[in-house]
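Trainee: Structure file data02.txt (compact mmCIF, C-alpha atoms) is given on the next line.
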```txt
# COMPACT_ATOMS: atom_id res chain seq x y z
CA MET U 18 50.07 66.60 66.21
CA GLU U 19 48.49 68.77 68.88
CA ILE U 20 45.35 66.65 68.84
CA ILE U 21 47.37 63.47 69.33
CA GLU U 22 49.33 65.00 72.21
CA PHE U 23 46.11 66.34 73.73
CA GLN U 24 44.46 62.92 73.57
CA GLU U 25 47.41 61.36 75.39
CA ASP U 26 47.61 64.00 78.15
CA MET U 27 46.47 62.04 81.22
CA SER U 28 46.47 65.03 83.55
CA LEU U 29 43.99 66.88 81.34
CA LYS U 30 41.81 63.80 81.01
CA GLU U 31 41.68 63.50 84.78
CA LYS U 32 40.97 67.21 85.23
CA PHE U 33 38.26 67.07 82.57
CA THR U 34 36.40 64.28 84.32
CA GLN U 35 36.64 66.15 87.64
CA VAL U 36 35.37 69.53 86.49
CA THR U 37 32.81 68.78 83.75
CA ASN U 38 30.03 68.58 86.34
CA THR U 39 30.70 72.12 87.54
CA LEU U 40 32.21 73.90 84.52
CA GLN U 41 31.17 74.50 80.95
CA TYR U 42 33.44 73.19 78.19
CA ASP U 43 34.67 76.65 77.27
CA GLN U 44 35.64 77.32 80.89
CA PHE U 45 37.63 74.07 80.95
CA TRP U 46 39.58 75.17 77.88
CA MET U 47 40.22 78.65 79.30
CA LYS U 48 41.36 77.50 82.75
CA TYR U 49 43.22 74.23 82.23
CA VAL U 50 44.49 73.93 78.66
CA CYS U 51 47.85 75.62 78.19
CA SER U 52 48.09 78.02 75.24
CA SER U 53 51.80 77.45 74.81
CA LYS U 54 51.42 73.66 74.60
CA TYR U 55 48.29 73.53 72.38
CA PRO U 56 48.06 76.95 70.63
CA GLU U 57 46.24 75.94 67.44
CA LEU U 58 43.89 73.48 69.12
CA LYS U 59 42.91 75.99 71.80
CA ARG U 60 42.36 78.73 69.21
CA LEU U 61 40.10 76.45 67.18
CA VAL U 62 38.05 75.31 70.18
CA LEU U 63 37.54 78.86 71.46
CA LYS U 64 36.32 79.95 68.02
CA LEU U 65 33.86 77.06 67.95
CA CYS U 66 32.59 77.83 71.46
CA THR U 67 31.95 81.50 70.69
CA MET U 68 30.45 80.84 67.28
CA PHE U 69 27.52 78.80 68.58
CA GLY U 70 26.90 81.06 71.54
CA SER U 71 26.51 84.14 69.37
CA THR U 72 24.27 82.30 66.91
CA TYR U 73 21.97 81.22 69.72
CA VAL U 74 21.58 84.79 71.03
CA CYS U 75 20.80 86.06 67.54
CA GLU U 76 18.22 83.33 66.91
CA ALA U 77 16.55 83.93 70.29
CA ALA U 78 16.32 87.69 69.66
CA PHE U 79 14.89 87.10 66.18
CA SER U 80 12.21 84.79 67.62
CA LYS U 81 11.28 87.40 70.24
CA MET U 82 11.03 90.06 67.54
CA ASN U 83 8.70 87.86 65.47
CA PHE U 84 6.54 87.30 68.54
CA ILE U 85 6.38 91.04 69.31
CA LYS U 86 5.82 92.18 65.73
CA ASN U 87 2.79 90.17 64.67
CA ASN U 88 -0.26 90.89 62.48
CA PHE U 89 -2.19 92.43 65.38
CA ARG U 90 0.42 95.16 65.88
CA SER U 91 0.26 96.82 62.50
CA ARG U 92 0.97 100.32 63.88
CA LEU U 93 4.10 99.34 65.79
CA THR U 94 6.88 101.80 64.97
CA ASP U 95 10.57 100.93 64.76
CA GLU U 96 11.22 103.02 67.88
CA HIS U 97 8.64 101.09 69.91
CA LEU U 98 9.88 97.78 68.52
CA ASN U 99 13.41 98.71 69.60
CA GLU U 100 12.19 99.52 73.13
CA LEU U 101 10.18 96.29 73.37
CA MET U 102 13.17 94.29 72.15
CA GLN U 103 15.39 95.85 74.82
CA ILE U 104 12.85 94.91 77.49
CA SER U 105 12.36 91.37 76.24
CA CYS U 106 16.07 90.58 75.78
CA THR U 107 17.27 91.70 79.20
CA ASN U 108 17.66 89.58 82.32
CA PHE U 109 16.98 92.54 84.61
CA THR U 110 14.22 92.00 87.18
CA PRO U 111 12.95 95.19 88.82
CA ASN U 112 12.43 95.36 92.57
CA ILE U 113 8.70 96.17 92.57
CA ARG U 114 8.42 96.49 96.35
CA LYS U 115 11.21 99.08 96.48
CA LEU U 116 9.66 101.03 93.61
CA LEU U 117 6.26 101.05 95.32
CA LYS U 118 7.74 102.31 98.60
CA THR U 119 9.30 105.32 96.88
CA LYS U 120 6.15 106.10 94.86
CA LYS U 121 3.91 108.81 96.34
CA CYS U 122 0.23 108.56 95.55
CA ASN U 123 -1.71 111.74 94.79
CA PHE U 124 -5.25 111.60 96.09
CA SER U 125 -7.66 114.23 94.81
CA HIS U 126 -9.67 114.47 98.08
```
Would you mind writing the structure in this file as structure tokens?
Mentor:
Amino acid sequence: MEIIEFQEDMSLKEKFTQVTNTLQYDQFWMKYVCSSKYPELKRLVLKLCTMFGSTYVCEAAFSKMNFIKNNFRSRLTDEHLNELMQISCTNFTPNIRKLLKTKKCNFSH
């Protein structure tokens, strides 16, 4: 019944067409769909949205691990693999210029 009511809700249809260019589908469900009016439908959609997102992250990390741990790295330890995985799976970009400014060079003579 919730699906039928949801399909007939003109205000949500209008809002959906307005915001789909700027929002993701999960954000639309979080912001505009009322939990009290569509509790089961919203619960189902949120489970589906999170399920595929977590699977994607896992698959991407597994692919990076396979790339890092290849036949040419036969002496790679689990500790080093863990450190390389942390580096490869982060979105952090270091500020190289700032790091170089704070670095002091030691010249021998």
Trainee: Return the single residue from U:Gln24, U:Ser53, U:Asn112, U:Asn99 that is closest to U:Lys86, with distances computed using all atoms listed in the file.
Mentor: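 For U:Lys86, the nearest of the candidates is U:Asn99.
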Trainee: Report the distance between atom CA of U:Lys59 and atom CA of U:Ala78 in Å, rounded to one decimal place.
Mentor: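 Interatomic distance, atom CA of U:Lys59 to atom CA of U:Ala78: 29.1 Å.
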Trainee: Excluding U:Ile20 and residues on its chain fewer than 6 positions from it, collect all residues at most 12 Å away from it, counting all atoms listed in the file, and give them as an mmCIF file with C-alpha atoms, in the coordinates of the input.
Mentor:
```
data_model
loop_
_atom_site.group_PDB
_atom_site.id
_atom_site.type_symbol
_atom_site.label_atom_id
_atom_site.label_comp_id
_atom_site.auth_asym_id
_atom_site.auth_seq_id
_atom_site.Cartn_x
_atom_site.Cartn_y
_atom_site.Cartn_z
ATOM 1 C CA ASP U 26 47.610 64.000 78.150
ATOM 2 C CA LYS U 54 51.420 73.660 74.600
ATOM 3 C CA TYR U 55 48.290 73.530 72.380
ATOM 4 C CA PRO U 56 48.060 76.950 70.630
ATOM 5 C CA GLU U 57 46.240 75.940 67.440
ATOM 6 C CA LEU U 58 43.890 73.480 69.120
ATOM 7 C CA LYS U 59 42.910 75.990 71.800
ATOM 8 C CA LEU U 61 40.100 76.450 67.180
ATOM 9 C CA VAL U 62 38.050 75.310 70.180
#
```
Trainee: Listed atoms of stretch 56-74 of chain U, axis-aligned box, 4 Å per side: centre and edge lengths to one decimal in Å, as lines of an AutoDock Vina configuration file?
Mentor:
```
center_x = 34.8
center_y = 79.1
center_z = 69.4
size_x = 34.5
size_y = 19.3
size_z = 12.9
```
Trainee: One decimal, in Å: what's the spacing between atom CA of U:Phe33 and atom CA of U:Phe45?
Mentor: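 Rounded to one decimal, the two atoms are 7.2 Å apart.
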Trainee: Find the residue from U:Met102, U:Cys122, U:Met27, U:Ile21 that sits nearest to U:Ser80; use all atoms listed in the file when measuring.
Mentor: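 So, comparing all the options, the nearest one is U:Met102.
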Trainee: To one decimal in Å, tell me the separation between atom CA of U:Cys66 and atom CA of U:Asp43.
Mentor: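 Taking atom CA of U:Cys66 and atom CA of U:Asp43, their separation equals 6.3 Å.
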Trainee: Rank nothing, just name the residue among U:Met47, U:Leu116, U:Cys106, U:Met68 nearest to U:Met82, using all atoms listed in the file.
Mentor: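 Among U:Met47, U:Leu116, U:Cys106, U:Met68, it is U:Cys106 that comes nearest to U:Met82.
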